[in-house]
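**Q** My structure file work09.pdb, PDB, C-alpha atoms and all ligand atoms, is below:
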```pdb
ATOM      1  CA  MET A   1     108.385 103.348 127.318
ATOM      2  CA  ARG A   2     109.230  99.844 128.448
ATOM      3  CA  ASN A   3     106.025  99.215 130.438
ATOM      4  CA  ASP A   4     103.653 101.258 128.302
ATOM      5  CA  PRO A   5     101.334  99.197 126.040
ATOM      6  CA  PHE A   6     101.172 102.050 123.523
ATOM      7  CA  TYR A   7     104.801 101.477 122.523
ATOM      8  CA  HIS A   8     104.508  97.694 122.314
ATOM      9  CA  GLN A   9     102.018  97.282 119.496
ATOM     10  CA  PRO A  10     101.497  98.921 116.118
ATOM     11  CA  PHE A  11     100.071 102.440 116.388
ATOM     12  CA  ASP A  12      96.691 102.471 118.141
ATOM     13  CA  PHE A  13      94.638 105.639 117.735
ATOM     14  CA  GLN A  14      92.633 105.149 120.945
ATOM     15  CA  LEU A  15      95.731 104.657 123.126
ATOM     16  CA  TYR A  16      97.396 107.548 121.297
ATOM     17  CA  THR A  17      94.482 109.863 122.094
ATOM     18  CA  GLU A  18      94.415 108.765 125.736
ATOM     19  CA  LYS A  19      98.153 109.379 126.058
ATOM     20  CA  LEU A  20      98.017 112.828 124.446
ATOM     21  CA  TYR A  21      95.263 113.823 126.868
ATOM     22  CA  THR A  22      97.604 113.126 129.814
ATOM     23  CA  LEU A  23     100.540 115.207 128.558
ATOM     24  CA  PRO A  24      99.415 118.821 129.225
ATOM     25  CA  ALA A  25      98.968 118.041 132.940
ATOM     26  CA  ARG A  26     102.514 116.655 133.007
ATOM     27  CA  CYS A  27     104.211 119.717 131.466
ATOM     28  CA  PRO A  28     103.407 123.379 132.213
ATOM     29  CA  GLY A  29     102.576 125.311 129.060
ATOM     30  CA  MET A  30     101.876 122.248 126.928
ATOM     31  CA  HIS A  31      98.451 122.077 125.353
ATOM     32  CA  LEU A  32      96.543 119.757 123.070
ATOM     33  CA  PHE A  33      94.361 120.853 120.175
ATOM     34  CA  SER A  34      93.069 119.478 116.909
ATOM     35  CA  ALA A  35      94.176 120.935 113.571
ATOM     36  CA  GLY A  36      91.136 119.441 111.864
ATOM     37  CA  GLU A  37      89.670 116.037 111.098
ATOM     38  CA  SER A  38      90.535 113.175 108.808
ATOM     39  CA  VAL A  39      88.059 112.031 106.157
ATOM     40  CA  LEU A  40      86.651 109.527 108.687
ATOM     41  CA  GLY A  41      86.374 112.221 111.363
ATOM     42  CA  LYS A  42      89.405 111.442 113.537
ATOM     43  CA  PRO A  43      90.994 114.488 115.190
ATOM     44  CA  LEU A  44      94.354 115.561 113.782
ATOM     45  CA  TRP A  45      95.881 116.033 117.223
ATOM     46  CA  CYS A  46      98.559 118.647 117.784
ATOM     47  CA  LEU A  47     100.595 119.389 120.890
ATOM     48  CA  PHE A  48     101.981 122.830 121.532
ATOM     49  CA  ALA A  49     104.929 123.224 123.893
ATOM     50  CA  GLY A  50     107.186 126.110 124.824
ATOM     51  CA  ASP A  51     107.025 129.883 124.883
ATOM     52  CA  PRO A  52     103.890 131.167 123.081
ATOM     53  CA  GLY A  53     105.793 134.382 122.322
ATOM     54  CA  CYS A  54     108.248 132.541 120.026
ATOM     55  CA  ALA A  55     107.541 131.456 116.457
ATOM     56  CA  PRO A  56     107.217 127.661 116.654
ATOM     57  CA  VAL A  57     108.642 124.874 114.528
ATOM     58  CA  LEU A  58     106.345 122.130 113.205
ATOM     59  CA  LEU A  59     107.188 118.433 113.454
ATOM     60  CA  ALA A  60     104.721 116.226 111.578
ATOM     61  CA  GLY A  61     104.516 112.454 111.111
ATOM     62  CA  GLY A  62     102.171 109.712 109.994
ATOM     63  CA  THR A  63     101.584 111.252 106.564
ATOM     64  CA  HIS A  64     101.894 107.843 104.907
ATOM     65  CA  GLY A  65      99.819 104.961 106.263
ATOM     66  CA  SER A  66     102.478 102.293 106.513
ATOM     67  CA  GLU A  67     104.932 104.741 108.110
ATOM     68  CA  TRP A  68     103.085 104.752 111.456
ATOM     69  CA  ILE A  69     106.400 104.289 113.272
ATOM     70  CA  THR A  70     106.909 108.051 112.705
ATOM     71  CA  SER A  71     103.691 108.745 114.675
ATOM     72  CA  MET A  72     105.007 106.609 117.523
ATOM     73  CA  LEU A  73     108.391 108.345 117.373
ATOM     74  CA  LEU A  74     106.859 111.826 117.619
ATOM     75  CA  THR A  75     104.566 110.682 120.441
ATOM     76  CA  LEU A  76     107.598 109.324 122.268
ATOM     77  CA  PHE A  77     109.370 112.644 121.715
ATOM     78  CA  ALA A  78     106.345 114.571 123.043
ATOM     79  CA  GLU A  79     106.062 112.381 126.127
ATOM     80  CA  THR A  80     109.801 112.429 126.861
ATOM     81  CA  LEU A  81     109.955 116.187 126.343
ATOM     82  CA  ALA A  82     106.999 116.753 128.679
ATOM     83  CA  ASP A  83     108.350 114.585 131.495
ATOM     84  CA  THR A  84     111.973 115.676 131.108
ATOM     85  CA  ALA A  85     111.070 119.374 131.077
ATOM     86  CA  ALA A  86     108.924 118.890 134.194
ATOM     87  CA  SER A  87     111.747 117.125 136.070
ATOM     88  CA  GLY A  88     114.486 119.561 134.992
ATOM     89  CA  GLY A  89     116.346 116.846 133.092
ATOM     90  CA  SER A  90     118.080 116.688 129.724
ATOM     91  CA  ILE A  91     117.527 114.913 126.412
ATOM     92  CA  ALA A  92     120.738 114.169 124.503
ATOM     93  CA  GLY A  93     122.530 116.459 126.942
ATOM     94  CA  ILE A  94     120.206 119.397 126.223
ATOM     95  CA  ARG A  95     118.141 120.808 129.111
ATOM     96  CA  ALA A  96     114.512 120.320 128.077
ATOM     97  CA  ASP A  97     113.060 123.042 130.339
ATOM     98  CA  SER A  98     115.435 125.713 129.066
ATOM     99  CA  VAL A  99     114.668 124.761 125.448
ATOM    100  CA  LEU A 100     110.970 125.288 126.163
ATOM    101  CA  GLN A 101     111.648 128.593 127.930
ATOM    102  CA  HIS A 102     113.156 130.132 124.804
ATOM    103  CA  HIS A 103     111.580 128.211 121.906
ATOM    104  CA  SER A 104     108.317 126.605 120.918
ATOM    105  CA  LEU A 105     107.110 123.720 118.818
ATOM    106  CA  ILE A 106     103.976 122.069 117.553
ATOM    107  CA  LEU A 107     103.920 118.308 117.140
ATOM    108  CA  LEU A 108     101.429 116.721 114.749
ATOM    109  CA  PRO A 109     102.325 113.053 115.208
ATOM    110  CA  CYS A 110      99.639 111.524 112.977
ATOM    111  CA  LEU A 111      98.416 113.447 109.937
ATOM    112  CA  ASN A 112      96.814 110.405 108.301
ATOM    113  CA  PRO A 113      95.115 108.390 111.056
ATOM    114  CA  ASP A 114      92.688 106.723 108.609
ATOM    115  CA  GLY A 115      95.534 105.561 106.346
ATOM    116  CA  VAL A 116      97.554 104.344 109.331
ATOM    117  CA  GLU A 117      94.651 102.200 110.534
ATOM    118  CA  ILE A 118      94.084 100.805 107.022
ATOM    119  CA  ALA A 119      97.808  99.974 106.753
ATOM    120  CA  ILE A 120      97.662  98.099 110.071
ATOM    121  CA  HIS A 121      94.184  96.519 110.066
ATOM    122  CA  GLY A 122      93.196  96.373 106.379
ATOM    123  CA  PRO A 123      90.013  97.626 104.669
ATOM    124  CA  THR A 124      87.745  96.926 107.659
ATOM    125  CA  ALA A 125      89.354  99.924 109.386
ATOM    126  CA  ALA A 126      87.818 102.157 106.696
ATOM    127  CA  GLY A 127      84.268 101.965 108.078
ATOM    128  CA  ASP A 128      81.663 102.752 105.446
ATOM    129  CA  ARG A 129      84.446 103.212 102.885
ATOM    130  CA  SER A 130      85.816  99.690 103.377
ATOM    131  CA  GLY A 131      84.376  98.527 100.016
ATOM    132  CA  SER A 132      86.256 101.128  97.986
ATOM    133  CA  VAL A 133      89.486 100.542  99.972
ATOM    134  CA  GLN A 134      89.106  96.798  99.350
ATOM    135  CA  ARG A 135      88.743  97.442  95.586
ATOM    136  CA  MET A 136      91.807  99.729  95.494
ATOM    137  CA  MET A 137      93.815  97.068  97.298
ATOM    138  CA  GLU A 138      92.644  94.353  94.898
ATOM    139  CA  GLU A 139      93.674  96.497  91.923
ATOM    140  CA  HIS A 140      97.186  96.801  93.402
ATOM    141  CA  PRO A 141      97.960  93.442  94.950
ATOM    142  CA  GLY A 142     100.884  93.546  97.320
ATOM    143  CA  ALA A 143     101.014  97.351  97.481
ATOM    144  CA  VAL A 144     101.752  98.919 100.848
ATOM    145  CA  TRP A 145      98.962 101.348 101.912
ATOM    146  CA  GLN A 146     100.276 104.923 102.068
ATOM    147  CA  ALA A 147      97.244 106.999 101.058
ATOM    148  CA  ASN A 148      94.335 108.395 103.048
ATOM    149  CA  VAL A 149      90.994 106.560 103.023
ATOM    150  CA  ARG A 150      90.063 108.111  99.645
ATOM    151  CA  GLY A 151      93.186 106.706  98.000
ATOM    152  CA  VAL A 152      94.994 110.063  97.840
ATOM    153  CA  ASP A 153      98.684 110.156  98.741
ATOM    154  CA  LEU A 154      98.805 113.157 101.080
ATOM    155  CA  ASN A 155     102.441 113.863 100.301
ATOM    156  CA  HIS A 156     101.446 114.280  96.635
ATOM    157  CA  ASN A 157      98.524 116.569  97.458
ATOM    158  CA  PHE A 158     100.304 119.791  98.485
ATOM    159  CA  ASP A 159     100.340 122.713  96.078
ATOM    160  CA  ALA A 160     103.995 122.625  94.995
ATOM    161  CA  GLY A 161     104.663 121.546  91.419
ATOM    162  CA  TRP A 162     101.389 119.611  91.595
ATOM    163  CA  GLU A 163     100.726 119.792  87.811
ATOM    164  CA  VAL A 164     104.234 118.544  87.027
ATOM    165  CA  LEU A 165     103.726 115.786  89.561
ATOM    166  CA  ARG A 166     100.403 114.790  87.981
ATOM    167  CA  GLU A 167     102.149 114.335  84.630
ATOM    168  CA  LEU A 168     104.827 112.197  86.265
ATOM    169  CA  GLU A 169     102.138 110.137  88.002
ATOM    170  CA  GLN A 170     100.241 109.615  84.757
ATOM    171  CA  ARG A 171     103.426 108.579  82.939
ATOM    172  CA  SER A 172     103.892 105.992  85.687
ATOM    173  CA  GLY A 173     100.330 104.756  85.087
ATOM    174  CA  ILE A 174      98.890 106.308  88.261
ATOM    175  CA  CYS A 175      95.662 108.021  87.171
ATOM    176  CA  VAL A 176      93.095 107.049  89.811
ATOM    177  CA  PRO A 177      92.945 106.726  93.615
ATOM    178  CA  GLY A 178      94.957 103.862  95.015
ATOM    179  CA  PRO A 179      97.254 102.748  97.830
ATOM    180  CA  THR A 180     100.108 105.110  96.924
ATOM    181  CA  ARG A 181     101.316 108.046  94.817
ATOM    182  CA  PHE A 182      97.977 109.374  93.490
ATOM    183  CA  GLY A 183      97.983 113.148  94.098
ATOM    184  CA  GLY A 184      94.214 113.695  94.210
ATOM    185  CA  PRO A 185      91.867 115.680  91.920
ATOM    186  CA  CYS A 186      93.492 119.009  92.845
ATOM    187  CA  PRO A 187      95.960 120.359  95.423
ATOM    188  CA  PHE A 188      94.601 120.379  98.985
ATOM    189  CA  SER A 189      91.591 118.288  97.964
ATOM    190  CA  GLU A 190      91.913 116.308 101.207
ATOM    191  CA  PRO A 191      90.916 117.516 104.694
ATOM    192  CA  GLU A 192      94.245 116.346 106.118
ATOM    193  CA  THR A 193      96.402 118.470 103.776
ATOM    194  CA  ALA A 194      93.960 121.387 104.028
ATOM    195  CA  ALA A 195      94.385 121.177 107.821
ATOM    196  CA  VAL A 196      98.165 121.585 107.463
ATOM    197  CA  ARG A 197      97.625 124.603 105.222
ATOM    198  CA  SER A 198      95.326 126.163 107.871
ATOM    199  CA  LEU A 199      97.729 125.300 110.675
ATOM    200  CA  CYS A 200     100.560 127.014 108.800
ATOM    201  CA  GLY A 201      98.261 129.992 108.200
ATOM    202  CA  CYS A 202      97.616 130.322 111.972
ATOM    203  CA  HIS A 203     101.202 129.827 113.149
ATOM    204  CA  ASN A 204     104.220 131.591 111.823
ATOM    205  CA  PHE A 205     106.347 128.418 111.671
ATOM    206  CA  ARG A 206     110.075 129.091 111.526
ATOM    207  CA  GLN A 207     110.794 125.636 110.149
ATOM    208  CA  LEU A 208     109.012 122.449 109.261
ATOM    209  CA  PHE A 209     110.160 118.856 109.743
ATOM    210  CA  SER A 210     108.135 116.155 108.020
ATOM    211  CA  PHE A 211     108.959 112.671 109.285
ATOM    212  CA  HIS A 212     108.685 109.688 106.932
ATOM    213  CA  ALA A 213     110.152 106.185 106.731
ATOM    214  CA  GLN A 214     112.551 104.896 105.573
ATOM    215  CA  GLY A 215     116.153 105.432 104.325
ATOM    216  CA  GLU A 216     118.064 107.368 107.029
ATOM    217  CA  GLU A 217     118.035 110.449 104.788
ATOM    218  CA  ILE A 218     117.380 114.185 105.105
ATOM    219  CA  TYR A 219     115.859 116.201 102.240
ATOM    220  CA  TRP A 220     116.061 119.984 102.405
ATOM    221  CA  ARG A 221     115.723 121.454  98.897
ATOM    222  CA  TYR A 222     112.679 122.554  96.894
ATOM    223  CA  GLY A 223     112.817 125.089  94.096
ATOM    224  CA  SER A 224     114.159 128.616  93.960
ATOM    225  CA  ARG A 225     112.896 129.790  97.365
ATOM    226  CA  THR A 226     114.943 127.193  99.276
ATOM    227  CA  PRO A 227     116.965 129.191 101.808
ATOM    228  CA  GLY A 228     120.703 128.547 101.971
ATOM    229  CA  ARG A 229     120.294 127.989 105.702
ATOM    230  CA  GLY A 230     118.345 124.825 104.811
ATOM    231  CA  LEU A 231     121.488 123.052 103.699
ATOM    232  CA  LEU A 232     123.383 124.213 106.771
ATOM    233  CA  ILE A 233     120.654 122.889 109.090
ATOM    234  CA  ALA A 234     120.426 119.623 107.100
ATOM    235  CA  ARG A 235     124.171 119.172 107.589
ATOM    236  CA  ILE A 236     123.884 119.815 111.337
ATOM    237  CA  LEU A 237     121.038 117.293 111.609
ATOM    238  CA  ALA A 238     122.983 114.794 109.498
ATOM    239  CA  ALA A 239     126.072 115.220 111.678
ATOM    240  CA  SER A 240     123.937 114.580 114.752
ATOM    241  CA  SER A 241     122.207 111.459 113.407
ATOM    242  CA  ASP A 242     124.678 110.089 110.853
ATOM    243  CA  TYR A 243     121.857 110.291 108.282
ATOM    244  CA  THR A 244     122.620 111.312 104.666
ATOM    245  CA  VAL A 245     121.739 114.691 103.130
ATOM    246  CA  CYS A 246     119.900 114.014  99.813
ATOM    247  CA  ASP A 247     117.911 115.489  96.910
ATOM    248  CA  PRO A 248     114.632 113.791  95.916
ATOM    249  CA  THR A 249     114.018 112.415  92.410
ATOM    250  CA  GLY A 250     111.019 111.260  90.315
ATOM    251  CA  THR A 251     107.489 111.504  91.717
ATOM    252  CA  ALA A 252     108.874 112.225  95.200
ATOM    253  CA  ALA A 253     110.204 115.545  93.887
ATOM    254  CA  HIS A 254     106.963 117.605  94.067
ATOM    255  CA  GLY A 255     103.710 117.917  95.951
ATOM    256  CA  GLY A 256     105.112 117.170  99.398
ATOM    257  CA  MET A 257     104.547 118.989 102.671
ATOM    258  CA  LYS A 258     108.100 120.294 102.923
ATOM    259  CA  ASP A 259     108.050 121.302  99.222
ATOM    260  CA  TRP A 260     104.946 123.417  99.722
ATOM    261  CA  PHE A 261     106.241 124.909 102.991
ATOM    262  CA  ILE A 262     109.518 126.011 101.383
ATOM    263  CA  GLN A 263     107.770 127.378  98.286
ATOM    264  CA  GLN A 264     105.182 129.205 100.382
ATOM    265  CA  THR A 265     107.416 130.689 103.082
ATOM    266  CA  GLY A 266     110.995 130.655 101.785
ATOM    267  CA  ARG A 267     111.924 129.122 105.156
ATOM    268  CA  PRO A 268     113.714 125.855 105.857
ATOM    269  CA  GLY A 269     111.640 122.704 105.454
ATOM    270  CA  PHE A 270     112.848 119.121 105.713
ATOM    271  CA  THR A 271     111.791 115.571 105.085
ATOM    272  CA  ILE A 272     113.461 113.182 107.506
ATOM    273  CA  GLU A 273     113.331 109.548 106.389
ATOM    274  CA  VAL A 274     113.763 107.538 109.585
ATOM    275  CA  GLY A 275     115.024 103.981 109.955
ATOM    276  CA  LYS A 276     116.047 101.475 107.353
ATOM    277  CA  GLY A 277     114.274  98.471 105.862
ATOM    278  CA  GLN A 278     110.906  97.789 104.327
ATOM    279  CA  ASN A 279     107.726  99.636 105.366
ATOM    280  CA  PRO A 280     106.118  99.087 107.737
ATOM    281  CA  LEU A 281     109.344  99.089 109.702
ATOM    282  CA  PRO A 282     109.217  96.595 112.549
ATOM    283  CA  LEU A 283     108.169  98.017 115.892
ATOM    284  CA  GLN A 284     111.458  96.793 117.359
ATOM    285  CA  GLN A 285     113.207  99.612 115.446
ATOM    286  CA  LEU A 286     111.383 102.296 117.444
ATOM    287  CA  GLU A 287     113.822 102.327 120.331
ATOM    288  CA  SER A 288     116.956 102.388 118.151
ATOM    289  CA  ILE A 289     115.491 105.128 115.919
ATOM    290  CA  TRP A 290     114.669 107.142 119.031
ATOM    291  CA  GLU A 291     118.154 106.640 120.471
ATOM    292  CA  ARG A 292     119.677 107.830 117.223
ATOM    293  CA  LEU A 293     117.340 110.779 116.587
ATOM    294  CA  GLN A 294     116.652 112.299 120.000
ATOM    295  CA  GLU A 295     119.418 114.855 119.582
ATOM    296  CA  LEU A 296     118.200 115.638 116.030
ATOM    297  CA  MET A 297     114.702 116.276 117.386
ATOM    298  CA  MET A 298     115.976 118.584 120.113
ATOM    299  CA  LEU A 299     118.130 120.391 117.537
ATOM    300  CA  SER A 300     115.143 120.799 115.225
ATOM    301  CA  VAL A 301     113.626 123.059 117.900
ATOM    302  CA  LEU A 302     116.893 124.871 118.647
ATOM    303  CA  VAL A 303     118.410 125.620 115.224
TER     304      VAL A 303
HETATM  305 ZN    ZN A 401     106.499 108.698 103.394
END
```
Here is the file; what I need is its structure written in the form of structure tokens.

**A**
Amino acid sequence: MRNDPFYHQPFDFQLYTEKLYTLPARCPGMHLFSAGESVLGKPLWCLFAGDPGCAPVLLAGGTHGSEWITSMLLTLFAETLADTAASGGSIAGIRADSVLQHHSLILLPCLNPDGVEIAIHGPTAAGDRSGSVQRMMEEHPGAVWQANVRGVDLNHNFDAGWEVLRELEQRSGICVPGPTRFGGPCPFSEPETAAVRSLCGCHNFRQLFSFHAQGEEIYWRYGSRTPGRGLLIARILAASSDYTVCDPTGTAAHGGMKDWFIQQTGRPGFTIEVGKGQNPLPLQQLESIWERLQELMMLSVLV
């Protein structure tokens, strides 16, 4: 990590893609595929690792533009897992190769590459949509960019309490596309969220972990299908990381990836809010977040 330019600047999609291309050759059984494309046509890269005979877990990041540190964290996890498994070493005291012999995972480090680039580089990163992004930014001066390029907040666009969420949004004065918290014209209106739905349809995920920033918190509950095991796992992850187990409130309480996953499958789903401070979290936090969460990430595959 120390000598690698990718980890020493805000998330860069080109360097990210180049790095992901190198990983399968470094770790037997790992492969790279795309779950779909963003609105601007960027691949939604996924890495599979482990035993194809086991039901995988899904770890996703980069859902919100300004939370690109989660994309870097999951890339760092993927790279460390690949190299450590290949060398027979351990992460947080857990043998990486034996984890991959008996489990499997899919990493989707950056679900919202267009929004990440807008958050880092401004409207010019939006290509032929830069004019509309510029207007949305001008209508919300000072707002941090979380949405995709169409001004839809992807974590408000999943089909879980979406109508309730729309009412909450409207009561908060959020009725049109913008930098944050607009849930879109209908659930799964965006190619990025539709790609997650398809991915979940193709893979029988045991569990889902959706990484966001910030707060050092773990959310595990959504509605009546939440399995009791969800709280147990949240407590294990919290004990490992010293994060806090929480329940969401307000407009964060519906429409999210983990909400939809729990409602759809009745299996454990989690939102992990990494780091502490104001988004975008400074790049300098990446190493300390990684140090604190590497055991949690290994456990997310094991539990
Ligand atoms: Zn978020």

**Q** For this structure, which residues satisfy the selection - the PyMOL selection byres (((chain A and resi 24) around 12) and not hetatm) - when it is evaluated on the file as given? I want them as a ChimeraX atom specification.

**A** /A:18-23,25-33,46-50,78-79,81-83,85-86

**Q** Could the centre and edge lengths of an axis-aligned box, enclosing all atoms of segment 273-282 of chain A in the file with 6 Å extra on each side, be given in Å to one decimal as lines of an AutoDock Vina configuration file?

**A**
```
center_x = 111.1
center_y = 103.1
center_z = 108.4
size_x = 21.9
size_y = 25.0
size_z = 20.2
```

**Q** Selection in question (the file shown): the PyMOL selection byres (((chain A and resi 40-44) around 8) and not hetatm). Which residues does it include, as a list in words?

**A**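 What the PyMOL selection byres (((chain A and resi 40-44) around 8) and not hetatm) grabs from the file is Ser34, Ala35, Gly36, Glu37, Ser38, Val39, Trp45, Cys46, Leu108, Cys110, Leu111, Asn112, Pro113, Asp114, Ala126, Gly127, Val149 and Glu192 of chain A.
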
**Q** Please provide as a ChimeraX atom specification all residues within 12 Å of Gln284 of chain A, with the sequence filter that same-chain residues fewer than 5 positions apart are discarded (counting all atoms listed in the file).

**A** /A:2,7-10,69,72-73,275-277,289-290

**Q** With ligand ZN 401 (chain A) as the partner and 8 Å as the cut-off, tabulate the residues of chain A that qualify, each row holding the nearest pair of atoms and their distance in Å to one decimal, using only C-alpha atoms and all ligand atoms, sorted by chain and rising number, as JSON lines.

**A**
```
{"residue": "A:Gly62", "atom": "CA", "partner": "A:ZN401", "partner_atom": "ZN", "distance": 8.0}
{"residue": "A:Thr63", "atom": "CA", "partner": "A:ZN401", "partner_atom": "ZN", "distance": 6.4}
{"residue": "A:His64", "atom": "CA", "partner": "A:ZN401", "partner_atom": "ZN", "distance": 4.9}
{"residue": "A:Glu67", "atom": "CA", "partner": "A:ZN401", "partner_atom": "ZN", "distance": 6.4}
{"residue": "A:Gln146", "atom": "CA", "partner": "A:ZN401", "partner_atom": "ZN", "distance": 7.4}
{"residue": "A:Asn155", "atom": "CA", "partner": "A:ZN401", "partner_atom": "ZN", "distance": 7.3}
{"residue": "A:Phe211", "atom": "CA", "partner": "A:ZN401", "partner_atom": "ZN", "distance": 7.5}
{"residue": "A:His212", "atom": "CA", "partner": "A:ZN401", "partner_atom": "ZN", "distance": 4.3}
{"residue": "A:Ala213", "atom": "CA", "partner": "A:ZN401", "partner_atom": "ZN", "distance": 5.5}
{"residue": "A:Gln214", "atom": "CA", "partner": "A:ZN401", "partner_atom": "ZN", "distance": 7.5}
{"residue": "A:Glu273", "atom": "CA", "partner": "A:ZN401", "partner_atom": "ZN", "distance": 7.5}
```

**Q** Calculated over all atoms listed in the file, which of the candidates A:Trp68, A:Phe11, A:Phe158, A:Phe270 has the smallest distance to Ala194 of chain A?

**A**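 Nearest candidate to Ala194 of chain A out of A:Trp68, A:Phe11, A:Phe158, A:Phe270: A:Phe158.
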
**Q** Could you tell me, as a PyMOL selection string, exactly which residues end up selected when the PyMOL selection byres (((chain A and resi 234) around 8) and not hetatm) is applied to this structure?

**A** chain A and resi 218-220+230-233+235-238+245+270

**Q** Take the selection from the previous step and output its residues with C-alpha atoms, as an mmCIF file, keeping the file's coordinate frame.

**A**
```
data_model
loop_
_atom_site.group_PDB
_atom_site.id
_atom_site.type_symbol
_atom_site.label_atom_id
_atom_site.label_comp_id
_atom_site.auth_asym_id
_atom_site.auth_seq_id
_atom_site.Cartn_x
_atom_site.Cartn_y
_atom_site.Cartn_z
ATOM 1 C CA ILE A 218 117.380 114.185 105.105
ATOM 2 C CA TYR A 219 115.859 116.201 102.240
ATOM 3 C CA TRP A 220 116.061 119.984 102.405
ATOM 4 C CA GLY A 230 118.345 124.825 104.811
ATOM 5 C CA LEU A 231 121.488 123.052 103.699
ATOM 6 C CA LEU A 232 123.383 124.213 106.771
ATOM 7 C CA ILE A 233 120.654 122.889 109.090
ATOM 8 C CA ARG A 235 124.171 119.172 107.589
ATOM 9 C CA ILE A 236 123.884 119.815 111.337
ATOM 10 C CA LEU A 237 121.038 117.293 111.609
ATOM 11 C CA ALA A 238 122.983 114.794 109.498
ATOM 12 C CA VAL A 245 121.739 114.691 103.130
ATOM 13 C CA PHE A 270 112.848 119.121 105.713
#
```

**Q** Identify which of the residues A:Phe261, A:Tyr243, A:Phe188, A:Phe205 lies closest to Arg221 of chain A, counting only C-alpha atoms when measuring atom-to-atom distances.

**A** A:Phe261

**Q** Could you please determine the separation between atom CA of Asp51 of chain A and atom CA of Tyr222 of chain A in Å, to one decimal place?

**A**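 Rounded to one decimal, the two atoms are 29.5 Å apart.
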